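Q: File structure.pdb follows (PDB, C-alpha atoms):
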ATOM      1  CA  MET A  37       0.229  76.859-118.026
ATOM      2  CA  PRO A  38       3.829  75.551-117.827
ATOM      3  CA  GLN A  39       5.474  75.710-121.236
ATOM      4  CA  GLY A  40       8.681  74.679-123.022
ATOM      5  CA  GLN A  41      11.372  72.195-122.152
ATOM      6  CA  GLU A  42      13.153  72.105-118.823
ATOM      7  CA  VAL A  43      16.439  73.997-118.697
ATOM      8  CA  PHE A  44      17.262  74.258-114.988
ATOM      9  CA  LEU A  45      15.454  72.914-111.903
ATOM     10  CA  GLY A  46      12.025  72.767-113.528
ATOM     11  CA  LEU A  47      12.258  76.168-115.230
ATOM     12  CA  ASN A  48      12.027  76.898-118.956
ATOM     13  CA  LYS A  49      14.275  79.322-120.865
ATOM     14  CA  ASN A  50      12.416  82.459-119.769
ATOM     15  CA  GLY A  51      12.351  81.222-116.189
ATOM     16  CA  VAL A  52      16.118  80.684-116.162
ATOM     17  CA  ILE A  53      16.799  84.129-117.636
ATOM     18  CA  LEU A  54      14.595  85.687-114.950
ATOM     19  CA  LEU A  55      16.320  83.589-112.265
ATOM     20  CA  ILE A  56      19.807  84.722-113.357
ATOM     21  CA  VAL A  57      18.705  88.373-113.356
ATOM     22  CA  LEU A  58      17.177  87.990-109.906
ATOM     23  CA  ILE A  59      20.269  86.230-108.477
ATOM     24  CA  LEU A  60      22.448  89.127-109.601
ATOM     25  CA  VAL A  61      20.057  92.000-108.906
ATOM     26  CA  CYS A  62      17.576  91.005-106.222
ATOM     27  CA  LEU A  63      18.152  87.615-104.593
ATOM     28  CA  PRO A  64      15.227  87.782-102.119
ATOM     29  CA  LEU A  65      12.847  87.482-105.090
ATOM     30  CA  CYS A  66      14.523  84.391-106.576
ATOM     31  CA  TRP A  67      11.465  82.262-105.797
ATOM     32  CA  LEU A  68       9.319  84.137-108.335
ATOM     33  CA  PRO A  69      10.082  81.958-111.432
ATOM     34  CA  TRP A  70       8.909  78.833-109.561
ATOM     35  CA  VAL A  71       5.451  80.225-108.766
ATOM     36  CA  ILE A  72       4.589  81.771-112.164
ATOM     37  CA  ASP A  73       3.305  79.123-114.588
ATOM     38  CA  SER A  74       4.744  80.708-117.762
ATOM     39  CA  MET A  75       8.255  80.443-116.272
ATOM     40  CA  LYS A  76       7.945  76.719-115.520
ATOM     41  CA  ALA A  77       8.745  73.889-117.929
ATOM     42  CA  GLU A  78       6.198  71.314-119.009
ATOM     43  CA  SER A  79       6.345  68.199-116.899
ATOM     44  CA  SER A  80       8.317  65.450-118.625
ATOM     45  CA  GLU A  81       6.159  62.685-117.073
TER      46      GLU A  81
ATOM     47  CA  MET B  27      34.655  80.076-145.080
ATOM     48  CA  SER B  28      31.523  80.290-142.953
ATOM     49  CA  GLU B  29      30.178  77.323-140.999
ATOM     50  CA  PRO B  30      26.951  75.765-142.250
ATOM     51  CA  LEU B  31      23.890  76.852-140.261
ATOM     52  CA  ARG B  32      22.939  74.443-137.484
ATOM     53  CA  PRO B  33      19.435  72.980-137.547
ATOM     54  CA  PRO B  34      17.010  74.810-135.194
ATOM     55  CA  ARG B  35      16.850  71.802-132.829
ATOM     56  CA  ASP B  36      20.649  71.848-132.302
ATOM     57  CA  ARG B  37      20.609  75.589-131.763
ATOM     58  CA  ASP B  38      17.824  75.243-129.193
ATOM     59  CA  MET B  39      19.798  72.584-127.325
ATOM     60  CA  ALA B  40      22.909  74.792-127.351
ATOM     61  CA  VAL B  41      20.903  77.741-125.996
ATOM     62  CA  ARG B  42      19.445  75.590-123.223
ATOM     63  CA  ARG B  43      22.877  74.227-122.332
ATOM     64  CA  GLY B  44      24.313  77.753-122.255
ATOM     65  CA  LEU B  45      21.499  79.001-120.031
ATOM     66  CA  ARG B  46      21.922  76.039-117.672
ATOM     67  CA  MET B  47      25.640  76.808-117.364
ATOM     68  CA  ALA B  48      24.934  80.505-116.822
ATOM     69  CA  ALA B  49      22.437  79.655-114.068
ATOM     70  CA  TRP B  50      24.964  77.385-112.317
ATOM     71  CA  CYS B  51      27.649  80.082-112.663
ATOM     72  CA  ALA B  52      25.311  82.677-111.115
ATOM     73  CA  VAL B  53      24.450  80.347-108.206
ATOM     74  CA  ILE B  54      28.135  79.457-107.613
ATOM     75  CA  LEU B  55      29.194  83.109-107.895
ATOM     76  CA  TYR B  56      26.546  84.182-105.387
ATOM     77  CA  CYS B  57      27.360  81.403-102.892
ATOM     78  CA  GLY B  58      31.113  81.905-103.283
ATOM     79  CA  TRP B  59      30.808  85.662-102.788
ATOM     80  CA  ASN B  60      28.795  85.258 -99.592
ATOM     81  CA  LEU B  61      31.000  82.469 -98.214
ATOM     82  CA  TYR B  62      34.122  84.563 -98.871
ATOM     83  CA  TRP B  63      32.811  87.416 -96.722
ATOM     84  CA  LEU B  64      31.228  85.209 -94.075
ATOM     85  CA  CYS B  65      34.549  83.334 -93.639
ATOM     86  CA  ARG B  66      36.121  86.711 -92.894
ATOM     87  CA  LEU B  67      33.361  87.255 -90.284
ATOM     88  CA  ARG B  68      31.933  90.182 -92.219
ATOM     89  CA  VAL B  69      28.458  90.867 -93.583
ATOM     90  CA  PRO B  70      28.649  90.259 -97.355
ATOM     91  CA  PRO B  71      28.212  93.443 -99.405
ATOM     92  CA  ALA B  72      25.630  93.409-102.212
ATOM     93  CA  LEU B  73      27.028  91.437-105.147
ATOM     94  CA  PHE B  74      25.571  93.691-107.843
ATOM     95  CA  LEU B  75      26.886  96.867-106.189
ATOM     96  CA  ALA B  76      30.348  95.312-105.855
ATOM     97  CA  LEU B  77      30.407  94.134-109.486
ATOM     98  CA  THR B  78      29.002  97.241-111.154
ATOM     99  CA  GLY B  79      29.197 100.088-108.635
ATOM    100  CA  LEU B  80      25.457 100.564-109.114
ATOM    101  CA  PRO B  81      22.682  99.983-106.573
ATOM    102  CA  SER B  82      20.017  97.349-107.176
ATOM    103  CA  PRO B  83      16.268  98.157-107.103
ATOM    104  CA  THR B  84      15.898  97.148-103.459
ATOM    105  CA  THR B  85      19.140  98.703-102.166
ATOM    106  CA  GLY B  86      18.385 100.812 -99.089
ATOM    107  CA  GLY B  87      15.096  99.027 -98.492
ATOM    108  CA  THR B  88      15.827  98.084 -94.882
ATOM    109  CA  ARG B  89      17.084 101.558 -93.984
ATOM    110  CA  SER B  90      14.074 103.040 -95.759
ATOM    111  CA  PHE B  91      11.705 100.829 -93.746
ATOM    112  CA  ARG B  92      13.439 101.726 -90.485
ATOM    113  CA  ALA B  93      13.158 105.429 -91.316
ATOM    114  CA  LEU B  94       9.473 104.938 -92.175
ATOM    115  CA  CYS B  95       8.848 103.209 -88.830
ATOM    116  CA  ALA B  96      10.544 106.141 -87.087
ATOM    117  CA  GLY B  97       8.161 108.528 -88.877
ATOM    118  CA  GLU B  98      10.907 110.038 -91.052
ATOM    119  CA  TRP B  99       9.122 109.608 -94.362
ATOM    120  CA  ARG B 100      11.380 111.993 -96.316
ATOM    121  CA  GLU B 101      14.439 110.038 -95.274
ATOM    122  CA  SER B 102      12.592 106.816 -96.068
ATOM    123  CA  LEU B 103      11.864 108.025 -99.608
ATOM    124  CA  ARG B 104      15.497 108.988-100.073
ATOM    125  CA  TRP B 105      16.742 105.525 -99.103
ATOM    126  CA  ASN B 106      14.242 103.775-101.359
ATOM    127  CA  ALA B 107      11.189 105.492-102.805
ATOM    128  CA  MET B 108       9.447 102.222-103.654
ATOM    129  CA  THR B 109       9.681 100.516-100.253
ATOM    130  CA  VAL B 110       5.929 100.756 -99.590
ATOM    131  CA  PRO B 111       4.846  99.433-103.052
ATOM    132  CA  ILE B 112       7.446  96.630-102.802
ATOM    133  CA  LEU B 113       6.177  95.639 -99.333
ATOM    134  CA  ALA B 114       2.556  95.842-100.538
ATOM    135  CA  LEU B 115       3.300  93.619-103.538
ATOM    136  CA  LEU B 116       5.290  91.207-101.370
ATOM    137  CA  SER B 117       2.353  90.940 -98.944
ATOM    138  CA  ALA B 118      -0.086  90.419-101.850
ATOM    139  CA  SER B 119       2.205  87.704-103.275
ATOM    140  CA  ILE B 120       2.377  85.893 -99.931
ATOM    141  CA  VAL B 121      -1.428  86.054 -99.532
ATOM    142  CA  GLY B 122      -1.855  84.881-103.164
ATOM    143  CA  LEU B 123       0.468  81.914-102.596
ATOM    144  CA  PHE B 124      -1.313  81.030 -99.357
ATOM    145  CA  LEU B 125      -4.761  81.106-101.047
ATOM    146  CA  SER B 126      -3.435  79.091-103.992
ATOM    147  CA  TRP B 127      -2.080  76.465-101.574
ATOM    148  CA  LEU B 128      -5.428  76.258 -99.764
ATOM    149  CA  ARG B 129      -7.361  75.836-103.040
ATOM    150  CA  THR B 130      -5.103  73.602-105.130
ATOM    151  CA  ARG B 131      -2.243  72.441-102.866
ATOM    152  CA  ARG B 132       0.127  74.125-105.319
ATOM    153  CA  LEU B 133       2.062  77.365-105.011
ATOM    154  CA  ARG B 134       1.056  79.472-108.014
ATOM    155  CA  LEU B 135       0.619  83.153-108.740
ATOM    156  CA  PRO B 136      -1.324  84.662-111.671
ATOM    157  CA  GLN B 137       0.720  86.047-114.569
ATOM    158  CA  TRP B 138      -0.113  89.663-113.663
ATOM    159  CA  PHE B 139       2.063  89.339-110.537
ATOM    160  CA  LEU B 140       5.080  88.946-112.825
ATOM    161  CA  TRP B 141       4.254  92.186-114.664
ATOM    162  CA  ALA B 142       3.518  93.944-111.375
ATOM    163  CA  TRP B 143       6.929  92.898-109.998
ATOM    164  CA  CYS B 144       8.661  93.989-113.222
ATOM    165  CA  PHE B 145       6.944  97.386-113.063
ATOM    166  CA  VAL B 146       7.692  97.954-109.373
ATOM    167  CA  LEU B 147      11.348  96.864-109.624
ATOM    168  CA  ILE B 148      12.050  98.877-112.786
ATOM    169  CA  ALA B 149      10.426 101.961-111.208
ATOM    170  CA  ALA B 150      12.419 101.376-107.996
ATOM    171  CA  TRP B 151      15.633 101.079-110.003
ATOM    172  CA  ALA B 152      14.961 104.217-112.046
ATOM    173  CA  LEU B 153      14.167 106.239-108.913
ATOM    174  CA  LYS B 154      17.213 104.842-107.119
ATOM    175  CA  LEU B 155      19.561 105.722-109.973
ATOM    176  CA  ALA B 156      18.018 109.190-110.315
ATOM    177  CA  GLY B 157      18.297 109.830-106.571
ATOM    178  CA  ASP B 158      21.062 111.137-104.376
ATOM    179  CA  ARG B 159      24.234 109.003-104.694
ATOM    180  CA  ALA B 160      24.874 109.457-100.974
ATOM    181  CA  TYR B 161      21.926 107.089-100.420
ATOM    182  CA  TRP B 162      23.315 104.275-102.649
TER     183      TRP B 162
END
Render the structure in this file as structure tokens.

A:
Amino acid sequence: MPQGQEVFLGLNKNGVILLIVLILVCLPLCWLPWVIDSMKAESSE
Amino acid sequence: MSEPLRPPRDRDMAVRRGLRMAAWCAVILYCGWNLYWLCRLRVPPALFLALTGLPSPTTGGTRSFRALCAGEWRESLRWNAMTVPILALLSASIVGLFLSWLRTRRLRLPQWFLWAWCFVLIAAWALKLAGDRAYW
């Protein structure tokens, strides 16, 4: 389930931390935070 | 004199703002780095290697795969010992996303994929750092 408030492009805090790590360390896997529910923010609608 | 403690809500907002800025900085740094090298008509070197002098978990993956295809499995392991598990997990992720799209019209992976990726990448990094520096 998506959780937490949006921080960056639909991701929550944990998702953004993972995204930053992946950008610096392994860019080809940058899509991972957007397909794992616990990394996504709750919809604001 | 110390500042009074901020309420938790303010602190949470400040953390989110800081993370948003850090994410933008990482994106801009990555794009700028690649544009800089591409404008000089050169293949951009790995950002992490250039910044830290250390290889990333997937460094040597392409050379490892090429060596594997040529039947040189020892050389393949030296370039990146986790190439086969990484490719297997990547294939499983693609199949999982495809099945998820067929069932729900959404791209989702179960939580265990995250732990599997963490395990594989940390193992790949440890093996890479412990390996021969000539293969970084």

Q: Give me the residues within 8 Å of segment 46-52 of chain A as a list in words, counting all atoms listed in the file and dropping any in the same chain fewer than 2 places off.

A: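 Those residues are Gln39, Gly40, Gln41, Glu42, Val43, Phe44, Leu54, Leu55, Ile56, Pro69, Trp70, Ser74, Met75, Lys76 and Ala77 of chain A; Arg42, Leu45, Arg46 and Ala49 of chain B.
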
Q: Within 8 Å of Val146 of chain B, counting all atoms listed in the file, which residues show up once you throw out same-chain ones fewer than 5 positions away? Write them as a list in words, please.

A: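 Contacts, with the query itself left out: Met108, Pro111 and Ile112 of chain B.
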
Q: Would you mind listing, as a PyMOL selection string, all residues of chain B that have at least one atom within 8 Å of chain A, where only C-alpha atoms are what counts?

A: chain B and resi 42-43+45-46+48-49+52-53+56+73-74+82-84+133-137+140

Q: For Val110 of chain B, find every residue with an atom within 10 Å (counting only C-alpha atoms), except residues of its own chain fewer than 4 positions away, and show them as a list of chain:residue names.

A: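 Residues near the query, excluding close chain neighbours: B:Gly87, B:Ser90, B:Phe91, B:Leu94, B:Ser102, B:Leu103, B:Asn106, B:Ala114, B:Leu115, B:Leu116.
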
Q: If I take atom CA of Phe139 of chain B and atom CA of Asn60 of chain B, how far is one from the other in Å, to one decimal?

A: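 Separation of atom CA of Phe139 of chain B and atom CA of Asn60 of chain B: 29.2 Å.
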
Q: In Å, with one decimal, what is the gap from atom CA of Gly157 of chain B to atom CA of Ala93 of chain B?

A: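 Between these atoms lies a distance of 16.7 Å.
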
Q: Considering all atoms listed in the file, return as a ChimeraX atom specification whatever protein or nucleic-acid residues lie within 10 Å of Arg89 of chain B, sequence-local ones (same chain, fewer than 6 positions apart) excluded.

A: /B:95,101-102,104-106,109,161

Q: Dump C-alpha atoms for the selected residues as a tab-separated table (two decimals), in the frame of the given file?

A:
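Generated file (again_12.tsv):
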chain	number	residue	atom	x	y	z
B	95	CYS	CA	8.85	103.21	-88.83
B	101	GLU	CA	14.44	110.04	-95.27
B	102	SER	CA	12.59	106.82	-96.07
B	104	ARG	CA	15.50	108.99	-100.07
B	105	TRP	CA	16.74	105.52	-99.10
B	106	ASN	CA	14.24	103.78	-101.36
B	109	THR	CA	9.68	100.52	-100.25
B	161	TYR	CA	21.93	107.09	-100.42

Q: Which residues would end up in the selection if the PyMOL selection byres ((chain B and resi 71) around 12) were applied here, given that I need the answer as an mmCIF file with C-alpha atoms, in the frame of the given file?

A:
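Below is the file part_32.cif, written as the result:
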data_model
loop_
_atom_site.group_PDB
_atom_site.id
_atom_site.type_symbol
_atom_site.label_atom_id
_atom_site.label_comp_id
_atom_site.auth_asym_id
_atom_site.auth_seq_id
_atom_site.Cartn_x
_atom_site.Cartn_y
_atom_site.Cartn_z
ATOM 1 C CA TYR B 56 26.546 84.182 -105.387
ATOM 2 C CA TRP B 59 30.808 85.662 -102.788
ATOM 3 C CA ASN B 60 28.795 85.258 -99.592
ATOM 4 C CA LEU B 61 31.000 82.469 -98.214
ATOM 5 C CA TYR B 62 34.122 84.563 -98.871
ATOM 6 C CA TRP B 63 32.811 87.416 -96.722
ATOM 7 C CA LEU B 64 31.228 85.209 -94.075
ATOM 8 C CA ARG B 68 31.933 90.182 -92.219
ATOM 9 C CA VAL B 69 28.458 90.867 -93.583
ATOM 10 C CA PRO B 70 28.649 90.259 -97.355
ATOM 11 C CA ALA B 72 25.630 93.409 -102.212
ATOM 12 C CA LEU B 73 27.028 91.437 -105.147
ATOM 13 C CA PHE B 74 25.571 93.691 -107.843
ATOM 14 C CA LEU B 75 26.886 96.867 -106.189
ATOM 15 C CA ALA B 76 30.348 95.312 -105.855
ATOM 16 C CA LEU B 77 30.407 94.134 -109.486
ATOM 17 C CA GLY B 79 29.197 100.088 -108.635
ATOM 18 C CA PRO B 81 22.682 99.983 -106.573
ATOM 19 C CA SER B 82 20.017 97.349 -107.176
ATOM 20 C CA THR B 85 19.140 98.703 -102.166
#

Q: Using Å and a single decimal, report how far atom CA of Arg92 of chain B sits from atom CA of Trp143 of chain B.

A: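 We find that atom CA of Trp143 of chain B and atom CA of Arg92 of chain B lie 22.4 Å from each other.
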
Q: Draw an axis-aligned box tight on the listed atoms of segment 55-72 of chain A, then pad every side by 8 Å and write out centre and edge lengths in Å to one decimal as JSON.

A:
{"center_x": 13.5, "center_y": 85.4, "center_z": -107.7, "size_x": 33.9, "size_y": 29.2, "size_z": 27.2}
